[in-house]
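Note: the block below is my_file08.txt and it holds compact mmCIF, C-alpha atoms.
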```txt
# COMPACT_ATOMS: atom_id res chain seq x y z
CA MET A 1 -32.68 29.80 36.56
CA ILE A 2 -31.46 26.44 37.89
CA ASP A 3 -31.52 26.42 41.68
CA CYS A 4 -29.52 23.28 42.38
CA ILE A 5 -27.27 20.79 40.60
CA PHE A 6 -26.27 17.56 42.30
CA THR A 7 -24.36 14.38 41.61
CA SER A 8 -24.29 10.96 43.28
CA ILE A 9 -21.09 9.05 44.11
CA ASN A 10 -19.06 7.05 46.55
CA ASN A 11 -15.63 8.35 47.53
CA GLY A 12 -13.93 6.61 44.62
CA TYR A 13 -15.66 9.02 42.24
CA LEU A 14 -14.84 12.16 44.22
CA PRO A 15 -12.19 13.43 41.74
CA LYS A 16 -14.74 13.28 38.91
CA ALA A 17 -17.37 15.01 41.04
CA ARG A 18 -14.92 17.79 41.86
CA ILE A 19 -14.24 18.39 38.16
CA LEU A 20 -18.00 18.59 37.57
CA ALA A 21 -18.39 20.97 40.54
CA ALA A 22 -15.74 23.32 39.17
CA SER A 23 -17.55 23.45 35.82
CA VAL A 24 -20.85 24.19 37.59
CA ARG A 25 -19.21 27.02 39.56
CA LYS A 26 -17.92 28.48 36.31
CA HIS A 27 -21.11 28.34 34.26
CA HIS A 28 -23.89 28.31 36.91
CA PRO A 29 -22.39 30.18 39.89
CA GLU A 30 -25.86 30.90 41.29
CA ALA A 31 -26.78 27.20 41.59
CA LYS A 32 -26.15 25.24 44.78
CA MET A 33 -23.77 22.34 44.14
CA VAL A 34 -24.76 19.28 46.18
CA LEU A 35 -22.98 15.96 46.67
CA MET A 36 -25.05 12.84 47.29
CA LEU A 37 -22.41 10.64 48.99
CA SER A 38 -23.23 6.94 49.41
CA ASP A 39 -20.23 6.50 51.65
CA GLU A 40 -18.79 8.11 54.75
CA ARG A 41 -16.61 11.20 54.76
CA ALA A 42 -13.01 10.07 54.73
CA PRO A 43 -10.18 11.96 56.42
CA GLY A 44 -7.87 13.51 53.87
CA LEU A 45 -10.52 13.91 51.17
CA ASP A 46 -11.63 17.37 50.08
CA TYR A 47 -15.37 18.01 49.99
CA GLY A 48 -15.00 21.78 49.89
CA ASP A 49 -16.27 22.06 46.31
CA PHE A 50 -19.82 21.33 47.48
CA ASP A 51 -22.35 23.49 49.29
CA LEU A 52 -23.96 20.45 50.88
CA VAL A 53 -23.03 16.79 51.35
CA LEU A 54 -25.85 14.30 51.92
CA GLY A 55 -25.78 10.63 52.91
CA PRO A 56 -28.32 7.81 52.46
CA ALA A 57 -29.63 8.28 55.99
CA ASP A 58 -30.49 11.90 55.13
CA VAL A 59 -32.60 11.15 52.10
CA VAL A 60 -33.81 7.53 51.94
CA LYS A 61 -37.25 7.21 53.49
CA GLY A 62 -39.85 4.47 53.45
CA VAL A 63 -37.57 1.44 53.73
CA ALA A 64 -37.99 -0.91 56.68
CA ASN A 65 -34.27 -1.39 57.34
CA LEU A 66 -31.79 1.04 55.78
CA ASP A 67 -28.75 -1.14 56.53
CA ALA A 68 -30.26 -4.13 54.76
CA TRP A 69 -31.50 -1.97 51.88
CA ILE A 70 -28.02 -0.56 51.31
CA PHE A 71 -26.41 -4.01 51.50
CA GLU A 72 -28.79 -5.33 48.84
CA HIS A 73 -27.33 -2.92 46.29
CA THR A 74 -23.95 -2.89 44.59
CA VAL A 75 -22.18 0.48 44.71
CA VAL A 76 -23.47 1.46 41.25
CA GLU A 77 -26.99 0.30 42.12
CA LEU A 78 -26.90 2.25 45.39
CA CYS A 79 -25.59 5.48 43.85
CA THR A 80 -28.41 5.35 41.30
CA ALA A 81 -31.14 4.19 43.68
CA VAL A 82 -30.65 7.22 45.94
CA LYS A 83 -31.03 9.75 43.10
CA PRO A 84 -34.84 10.21 43.25
CA PHE A 85 -34.66 10.25 47.05
CA ALA A 86 -32.09 13.06 46.84
CA PHE A 87 -34.31 14.99 44.41
CA LYS A 88 -37.25 14.73 46.80
CA HIS A 89 -35.18 15.67 49.86
CA LEU A 90 -33.77 18.74 48.13
CA PHE A 91 -37.21 19.86 46.94
CA ASP A 92 -38.93 19.25 50.28
CA THR A 93 -36.19 20.49 52.62
CA TYR A 94 -34.75 23.45 50.74
CA GLY A 95 -37.67 24.53 48.58
CA TYR A 96 -35.78 24.56 45.31
CA ARG A 97 -37.96 25.12 42.24
CA SER A 98 -35.67 23.44 39.70
CA ILE A 99 -33.02 20.77 40.23
CA VAL A 100 -30.65 19.13 37.76
CA TYR A 101 -28.87 15.82 38.25
CA GLN A 102 -25.52 15.29 36.50
CA ASP A 103 -23.42 12.14 36.56
CA PRO A 104 -20.02 12.73 38.19
CA ASP A 105 -18.24 12.04 34.89
CA THR A 106 -20.03 14.87 33.07
CA VAL A 107 -18.50 18.32 32.60
CA LEU A 108 -20.30 21.57 31.77
CA TYR A 109 -18.65 23.57 28.98
CA SER A 110 -21.12 26.47 28.89
CA ARG A 111 -24.31 27.69 30.55
CA LEU A 112 -27.36 25.44 30.13
CA THR A 113 -29.37 28.23 28.55
CA GLU A 114 -31.84 26.15 26.54
CA LEU A 115 -32.51 23.91 29.54
CA GLU A 116 -33.39 26.91 31.69
CA GLN A 117 -35.93 27.92 29.05
CA GLU A 118 -37.39 24.42 28.78
CA LEU A 119 -37.84 24.15 32.55
CA GLU A 120 -40.17 27.14 32.39
CA ARG A 121 -42.51 25.03 30.22
CA HIS A 122 -41.73 21.41 31.09
CA PRO A 123 -41.39 19.98 34.62
CA ILE A 124 -39.49 16.89 33.41
CA VAL A 125 -36.58 17.10 30.95
CA LEU A 126 -34.64 14.02 29.79
CA THR A 127 -32.08 13.32 27.06
CA PRO A 128 -32.08 10.17 24.90
CA HIS A 129 -28.84 8.31 24.28
CA VAL A 130 -29.27 8.93 20.56
CA THR A 131 -31.63 11.06 18.46
CA THR A 132 -30.57 10.11 14.92
CA PRO A 133 -30.93 6.59 13.45
CA ALA A 134 -27.64 4.81 12.83
CA VAL A 135 -26.61 3.77 9.34
CA ASP A 136 -23.30 2.06 10.09
CA THR A 137 -23.55 -1.33 11.83
CA ASP A 138 -21.04 -0.42 14.56
CA ASP A 139 -22.98 2.75 15.35
CA LEU A 140 -26.18 0.75 15.51
CA LEU A 141 -24.66 -1.80 17.89
CA ASP A 142 -23.09 0.81 20.20
CA GLY A 143 -25.82 3.43 20.10
CA GLU A 144 -29.20 1.87 19.46
CA MET A 145 -28.66 -1.70 20.63
CA LEU A 146 -26.24 -1.43 23.59
CA GLY A 147 -27.04 2.11 24.63
CA CYS A 148 -30.82 2.02 24.25
CA LEU A 149 -32.24 -1.49 23.99
CA ARG A 150 -30.06 -2.90 26.75
CA HIS A 151 -29.47 0.07 29.06
CA GLY A 152 -32.45 2.31 28.40
CA VAL A 153 -33.61 4.86 25.85
CA PHE A 154 -32.77 7.83 28.09
CA ASN A 155 -29.35 8.48 29.58
CA LEU A 156 -29.93 9.31 33.24
CA GLY A 157 -26.49 10.81 33.56
CA PHE A 158 -28.71 13.87 33.29
CA ALA A 159 -32.22 14.65 34.51
CA ALA A 160 -33.93 17.95 35.25
CA LEU A 161 -37.10 18.38 37.31
CA THR A 162 -39.24 21.13 38.73
CA GLN A 163 -41.97 21.18 41.38
CA GLU A 164 -44.58 22.23 38.84
CA GLY A 165 -47.34 20.17 37.21
CA GLU A 166 -46.40 16.53 36.69
CA GLY A 167 -42.93 16.95 38.18
CA PRO A 168 -43.83 15.64 41.68
CA LEU A 169 -45.92 12.79 40.20
CA PHE A 170 -43.03 11.66 38.01
CA LEU A 171 -40.60 11.90 40.90
CA GLN A 172 -42.78 9.82 43.22
CA TRP A 173 -43.29 7.15 40.53
CA TRP A 174 -39.55 6.96 39.83
CA LEU A 175 -38.73 6.93 43.55
CA ASP A 176 -41.17 4.08 44.24
CA ARG A 177 -39.56 1.99 41.49
CA CYS A 178 -36.04 2.71 42.72
CA ARG A 179 -36.95 1.86 46.31
CA GLU A 180 -37.76 -1.72 45.33
CA TYR A 181 -36.24 -2.42 41.91
CA CYS A 182 -33.07 -0.42 41.26
CA PHE A 183 -30.88 -3.36 40.24
CA ASP A 184 -28.68 -4.32 37.32
CA ASP A 185 -30.69 -7.41 36.44
CA ASN A 186 -30.86 -7.92 32.71
CA GLN A 187 -32.95 -11.11 33.01
CA ARG A 188 -35.75 -9.06 34.56
CA GLY A 189 -35.31 -6.17 32.14
CA LEU A 190 -33.75 -3.88 34.75
CA PHE A 191 -30.78 -1.57 34.50
CA THR A 192 -30.59 0.34 37.79
CA ASP A 193 -32.77 3.49 37.74
CA GLN A 194 -32.51 3.96 33.99
CA LYS A 195 -34.61 1.31 32.23
CA TRP A 196 -37.69 2.35 34.20
CA ILE A 197 -37.62 5.71 32.47
CA ASP A 198 -38.37 4.08 29.11
CA LEU A 199 -41.97 4.06 30.38
CA ALA A 200 -42.05 7.69 31.48
CA PRO A 201 -43.28 9.21 28.16
CA CYS A 202 -46.23 6.79 28.33
CA PHE A 203 -47.28 8.14 31.73
CA PHE A 204 -46.34 11.84 31.77
CA GLN A 205 -47.57 14.00 28.92
CA THR A 206 -45.58 17.12 29.81
CA LEU A 207 -42.22 15.30 29.79
CA LYS A 208 -39.76 16.98 27.44
CA ILE A 209 -37.50 14.77 25.34
CA PHE A 210 -34.54 17.10 24.87
CA ARG A 211 -32.92 16.41 21.51
CA LEU A 212 -30.42 19.27 21.21
CA PRO A 213 -27.11 17.79 20.02
CA SER A 214 -25.11 19.89 22.48
CA TYR A 215 -26.46 18.12 25.59
CA ASN A 216 -25.14 14.79 26.87
CA VAL A 217 -22.59 14.44 24.09
CA ALA A 218 -20.81 11.11 24.53
CA THR A 219 -18.89 8.54 22.53
CA TRP A 220 -22.04 6.53 21.71
CA ASN A 221 -23.59 9.48 19.79
CA LEU A 222 -20.47 10.84 18.09
CA TYR A 223 -21.51 9.23 14.82
CA TYR A 224 -23.81 12.22 14.21
CA ARG A 225 -22.46 14.81 16.64
CA GLN A 226 -19.28 16.45 15.40
CA VAL A 227 -17.32 18.19 18.15
CA SER A 228 -14.91 20.92 17.08
CA LYS A 229 -13.58 24.37 17.94
CA SER A 230 -14.98 27.48 16.33
CA PRO A 231 -12.66 30.17 14.95
CA LEU A 232 -13.14 31.98 18.27
CA GLY A 233 -11.99 28.91 20.23
CA GLU A 234 -15.46 27.92 21.48
CA ILE A 235 -16.21 24.17 21.56
CA VAL A 236 -19.23 23.55 19.34
CA VAL A 237 -21.31 20.60 18.17
CA ASN A 238 -22.22 20.25 14.50
CA HIS A 239 -20.64 23.69 13.91
CA ASP A 240 -23.66 25.62 15.24
CA PHE A 241 -24.39 24.52 18.82
CA PRO A 242 -22.18 25.55 21.77
CA LEU A 243 -21.30 22.41 23.71
CA ARG A 244 -23.31 22.42 26.94
CA PHE A 245 -21.97 19.29 28.59
CA TYR A 246 -19.91 16.26 27.67
CA HIS A 247 -20.18 12.81 29.27
CA PHE A 248 -16.81 11.11 29.84
CA SER A 249 -18.52 7.75 30.35
CA GLY A 250 -16.35 4.67 30.87
CA PHE A 251 -13.19 6.69 31.35
CA ASP A 252 -11.57 4.47 34.00
CA LEU A 253 -12.44 1.27 32.15
CA GLY A 254 -10.85 2.41 28.91
CA THR A 255 -14.24 2.38 27.20
CA HIS A 256 -14.14 6.10 26.45
CA GLU A 257 -10.75 5.82 24.75
CA HIS A 258 -11.81 2.73 22.80
CA MET A 259 -15.06 4.28 21.61
CA LEU A 260 -13.37 7.57 20.79
CA THR A 261 -10.85 5.78 18.60
CA LYS A 262 -13.63 3.72 17.03
CA HIS A 263 -16.05 6.54 16.23
CA ASP A 264 -14.03 9.75 15.92
CA ALA A 265 -10.34 8.95 15.63
CA GLY A 266 -8.19 11.95 14.80
CA ASN A 267 -10.56 14.55 16.26
CA ALA A 268 -8.11 17.10 17.73
CA CYS A 269 -10.75 18.82 19.86
CA LEU A 270 -11.93 15.60 21.51
CA ARG A 271 -8.33 14.52 22.04
CA GLU A 272 -7.60 17.82 23.78
CA MET A 273 -10.71 17.44 25.95
CA THR A 274 -9.78 13.86 26.83
CA ASP A 275 -6.18 14.71 27.71
CA TRP A 276 -7.35 17.61 29.88
CA TYR A 277 -9.83 15.39 31.73
CA SER A 278 -7.16 12.77 32.32
CA SER A 279 -4.76 15.34 33.73
CA GLU A 280 -7.45 16.78 36.01
CA LEU A 281 -8.23 13.33 37.38
CA LYS A 282 -4.54 12.84 38.18
CA ARG A 283 -4.31 16.27 39.81
CA LEU A 284 -7.35 15.65 42.00
CA ALA A 285 -6.70 11.96 42.71
CA ASN A 286 -7.62 10.72 46.17
CA PRO A 287 -4.59 10.17 48.40
CA GLY A 288 -3.85 6.49 49.02
CA ASP A 289 -6.37 3.67 48.93
CA VAL A 290 -9.77 4.77 50.22
CA LEU A 291 -12.06 1.81 50.86
CA GLY A 292 -15.74 2.49 50.31
CA LYS A 293 -17.91 2.06 53.36
CA TYR A 294 -20.53 0.07 51.46
CA ASP A 295 -18.41 -1.87 48.97
CA HIS A 296 -16.25 -3.45 51.68
CA PHE A 297 -16.90 -5.01 55.05
CA PRO A 298 -15.32 -3.22 58.05
CA ASN A 299 -12.44 -5.72 57.94
CA GLY A 300 -11.57 -4.57 54.40
CA ARG A 301 -12.93 -7.59 52.55
CA ALA A 302 -14.74 -6.74 49.32
CA ILE A 303 -18.41 -7.70 49.20
CA PRO A 304 -19.19 -9.98 46.22
CA ALA A 305 -22.14 -8.89 44.11
CA ASP A 306 -23.50 -12.47 44.25
CA TRP A 307 -23.81 -12.22 48.02
CA ARG A 308 -25.87 -9.07 47.71
CA ARG A 309 -28.22 -10.67 45.15
CA TYR A 310 -28.68 -13.75 47.28
CA TYR A 311 -29.28 -11.65 50.41
CA ARG A 312 -31.97 -9.50 48.84
CA SER A 313 -33.84 -12.51 47.48
CA HIS A 314 -33.93 -14.42 50.79
CA PRO A 315 -36.11 -12.73 53.44
CA ALA A 316 -35.19 -15.36 56.04
CA LEU A 317 -31.50 -14.45 55.73
CA LYS A 318 -32.32 -10.76 56.01
CA ALA A 319 -34.33 -11.45 59.15
CA MET A 320 -31.46 -13.48 60.60
CA ILE A 321 -28.81 -10.85 59.73
CA PRO A 322 -30.67 -7.50 59.70
CA HIS A 323 -27.52 -5.35 59.99
CA PRO A 324 -25.04 -6.97 57.59
CA PHE A 325 -22.31 -4.34 57.91
CA GLU A 326 -22.28 -4.55 61.71
CA GLN A 327 -22.77 -8.31 61.58
CA PHE A 328 -20.19 -8.80 58.85
CA GLY A 329 -18.64 -11.77 60.65
CA GLU A 330 -21.94 -13.61 60.48
CA VAL A 331 -22.38 -12.71 56.80
CA ILE A 332 -18.91 -13.97 55.89
CA ALA A 333 -19.34 -17.13 57.94
CA HIS A 334 -22.70 -17.83 56.31
CA PHE A 335 -21.44 -17.57 52.74
CA ASP A 336 -18.00 -19.05 53.28
CA SER A 337 -19.54 -22.12 54.85
CA SER A 338 -22.24 -22.49 52.21
CA PRO A 339 -21.84 -25.92 50.54
CA ARG A 340 -23.38 -24.73 47.27
CA GLN A 341 -22.81 -21.93 44.81
CA ILE A 342 -25.21 -19.06 45.24
CA PRO A 343 -27.77 -19.72 42.46
CA VAL A 344 -27.58 -16.36 40.73
CA ASP A 345 -27.77 -17.84 37.25
CA PRO A 346 -30.32 -20.69 36.99
CA GLY A 347 -28.55 -21.95 33.86
CA MET A 348 -25.21 -22.38 35.63
CA SER A 349 -23.95 -25.95 35.93
CA THR A 350 -23.39 -27.55 39.35
CA LEU A 351 -19.64 -27.76 38.70
CA GLU A 352 -19.44 -24.13 37.68
CA ARG A 353 -21.33 -23.08 40.82
CA PHE A 354 -18.89 -25.08 42.95
CA VAL A 355 -15.86 -23.53 41.24
CA ARG A 356 -17.13 -19.96 41.32
CA ARG A 357 -17.78 -20.15 45.07
CA ARG A 358 -14.10 -20.94 45.68
CA PRO A 359 -11.74 -18.39 44.04
CA GLY A 360 -8.57 -20.29 44.97
CA PHE A 361 -9.91 -23.54 43.62
CA ALA A 362 -11.13 -21.74 40.49
CA ALA A 363 -7.61 -20.48 39.78
CA MET A 364 -6.21 -24.00 40.13
CA VAL A 365 -8.91 -25.44 37.86
CA LYS A 366 -8.09 -22.92 35.14
CA LYS A 367 -4.47 -24.05 35.20
CA ILE A 368 -5.14 -27.74 34.79
CA ILE A 369 -8.34 -27.93 32.72
CA PRO A 370 -8.34 -26.72 29.09
CA ALA A 371 -10.40 -23.59 28.43
CA SER A 372 -12.40 -25.41 25.75
CA LEU A 373 -13.54 -28.00 28.29
CA LEU A 374 -14.48 -25.30 30.81
CA ARG A 375 -16.59 -23.58 28.15
CA HIS A 376 -18.30 -26.89 27.38
CA VAL A 377 -19.05 -27.51 31.06
CA SER A 378 -20.47 -24.02 31.51
CA GLY A 379 -22.51 -24.27 28.31
CA ARG A 380 -20.86 -21.23 26.68
```
Structure translated into structure tokens:
Amino acid sequence: MIDCIFTSINNGYLPKARILAASVRKHHPEAKMVLMLSDERAPGLDYGDFDLVLGPADVVKGVANLDAWIFEHTVVELCTAVKPFAFKHLFDTYGYRSIVYQDPDTVLYSRLTELEQELERHPIVLTPHVTTPAVDTDDLLDGEMLGCLRHGVFNLGFAALTQEGEGPLFLQWWLDRCREYCFDDNQRGLFTDQKWIDLAPCFFQTLKIFRLPSYNVATWNLYYRQVSKSPLGEIVVNHDFPLRFYHFSGFDLGTHEHMLTKHDAGNACLREMTDWYSSELKRLANPGDVLGKYDHFPNGRAIPADWRRYYRSHPALKAMIPHPFEQFGEVIAHFDSSPRQIPVDPGMSTLERFVRRRPGFAAMVKKIIPASLLRHVSGR
């Protein structure tokens, strides 16, 4: 039996999390459904689908300054960095034996029967992005190269842990890495919490690599996973496996639709699933514009990712502005008055740094300077 299923979001992803919660209620009614919310509860939003709502202050331990730690992370980095902390908090505080994490854009289509059986034998269960070598070049680029080599072998839109055996050791190792290094930083080989897990099979012998084609079905593995309806109307994978959960990754960006067209155009079952998901998102849409607590300053100004990267790499600045959300005026004044572009990319030209630091000036430059010259200046 699975004791608890949780997801991690900010308020912008609440409609997706509510769809997931409804599917959990349907197929695992005995499991507690928990929301890890890296945001603040907003008036007018419905959190009633969840048994428990946690915030960063509830779960993140062992950081010197929580405000600064949160500010260092983009919203995606933050929502992934808190995942192992949430696992540990739920184990330690509520005594759950088995916990499953699901990304908010996943949906359960049937009970996770095989997973329940595996968790009796394996304290760590993970799913790879792909489990069959690609033959077609496009499949290789999307599945093996982009999905695995760039973003990590395992898709951490799903992870299942227990308190047995190596489970706590794995969790502490993953948590320690996410406390310090949960960033989207390709130059350093990092992709949030996910790339670290490439190393996990090297360290933990009882880890289960779950290869069933009915788990974590997504557009990047459709080249060998055929989704269809059985004569009885059940959604199945490769004709024999009841679909356990599907990952609607990249839905808002149009990536899901693009990849679906590219890899399985004309699949009536997937089209029906996609149209249903789209309609549910519209039905559950948040009312009005809800600004995230951690992706905007209190005055409503969006926080540039470059500012966060610069802040986390400069201890003197963190010491000078230890509470960047409360001291947002000082943060804005510091960066707006900076005479130089924040050196995020060491290969960036001086001119490009100057232009990127000034959005209004950048727009004017694009109007008067040919694109070919701009590419030459930037070295691209």
What is the atom CA of Val24 of chain A-atom CA of Ile5 of chain A distance in Å, reported with one decimal?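 Separating atom CA of Val24 of chain A from atom CA of Ile5 of chain A is a distance of 7.9 Å.
Comparing A:Phe91, A:Leu199, A:Lys208, A:Phe248 by their smallest distance to Pro168 of chain A, the closest is A:Phe91 (using all atoms listed in the file).
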Selection near Val135 of chain A, 12 Å with all atoms listed in the file, sequence-local residues under 5 positions removed, as a PDB file with C-alpha atoms, keeping the file's coordinate frame:
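Saved to result32.pdb:
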```pdb
ATOM      1  CA  LEU A 140     -26.180   0.750  15.510  1.00  0.00           C
ATOM      2  CA  LEU A 141     -24.660  -1.800  17.890  1.00  0.00           C
ATOM      3  CA  ASP A 142     -23.090   0.810  20.200  1.00  0.00           C
ATOM      4  CA  GLY A 143     -25.820   3.430  20.100  1.00  0.00           C
ATOM      5  CA  GLU A 144     -29.200   1.870  19.460  1.00  0.00           C
ATOM      6  CA  TYR A 223     -21.510   9.230  14.820  1.00  0.00           C
ATOM      7  CA  TYR A 224     -23.810  12.220  14.210  1.00  0.00           C
TER       8      TYR A 224
END
```
Rank nothing, just name the residue among A:Phe154, A:Tyr215, A:Phe210, A:Tyr47 nearest to Lys195 of chain A, using only C-alpha atoms.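 Smallest distance to Lys195 of chain A is found for A:Phe154.
Using all atoms listed in the file, the smallest distance between any of A:Leu190, A:Ala218, A:Cys4, A:Ala200 and Met33 of chain A comes from A:Cys4.
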If we count all atoms listed in the file, what is near Thr131 of chain A at a cut-off of 9 Å, once residues fewer than 6 positions away on the same chain are taken out, given as a list in words?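 The contact residues come out as Arg211, Leu212, Pro213, Asn221 and Tyr224 of chain A.
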Distance query segment 70-86 of chain A at most 7 Å, all atoms listed in the file, self and fewer than 5 positions along chain excluded, as JSON, numbers by chain: {"A": [8, 9, 38, 56, 59, 60, 171, 174, 175, 178, 179, 182, 183, 184, 192, 193, 294, 295, 305, 308, 309, 311, 312, 324]}
Segment 80-129 of chain A near segment 274-283 of chain A within 12 Å: what's each residue's closest atom pair and its distance in Å to one decimal, counting all atoms listed in the file, ordered by chain then ascending residue number, as a tab-separated table?
```
residue	atom	partner	partner_atom	distance
A:Pro104	CA	A:Leu281	CA	11.8
A:Asp105	CA	A:Tyr277	CA	9.6
A:Thr106	CA	A:Tyr277	CA	10.3
A:Val107	CA	A:Tyr277	CA	9.2
```
Between atom CA of Thr113 of chain A and atom CA of Tyr96 of chain A lies a distance of 18.3 Å
My list of candidates is A:Asp198, A:Asp185, A:Glu118, A:Asp252. Which is closest to Val153 of chain A when distances are computed with all atoms listed in the file? A:Asp198
With 6 Å of padding per side, what axis-aligned box (centre and edge lengths, Å, one decimal) covers all the listed atoms of segment 160-169 of chain A? Give it as JSON.
```
{"center_x": -40.6, "center_y": 17.5, "center_z": 38.5, "size_x": 25.4, "size_y": 21.4, "size_z": 18.4}
```
In Å, how far is it from atom CA of Gln194 of chain A to atom CA of Glu30 of chain A? 28.7 Å
Neighbours of Leu156 of chain A within 9 Å (all atoms listed in the file; same-chain residues fewer than 4 positions away dropped), as an MDAnalysis selection string? chainID A and resid 101:103 126:128 152 193:194 197
Who sits within 7 Å of Lys293 of chain A, only C-alpha atoms, same chain under 2 positions skipped, as a PyMOL selection string: chain A and resi 39-40+291+295-296
How would the residues just chosen look if you wrote them out with C-alpha atoms as a PDB file, keeping the file's coordinate frame?
```pdb
ATOM      1  CA  ASP A  39     -20.230   6.500  51.650  1.00  0.00           C
ATOM      2  CA  GLU A  40     -18.790   8.110  54.750  1.00  0.00           C
ATOM      3  CA  LEU A 291     -12.060   1.810  50.860  1.00  0.00           C
ATOM      4  CA  ASP A 295     -18.410  -1.870  48.970  1.00  0.00           C
ATOM      5  CA  HIS A 296     -16.250  -3.450  51.680  1.00  0.00           C
TER       6      HIS A 296
END
```
Which residue of A:Asp67, A:Asp46, A:Asp3, A:Asp51 approaches Val100 of chain A most closely, using only C-alpha atoms: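 Smallest distance to Val100 of chain A is found for A:Asp3.
For the choices A:Asn10, A:Val53, A:Lys318, A:Thr219, the atom-to-atom distance to Asp264 of chain A is smallest for A:Thr219 when using only C-alpha atoms.
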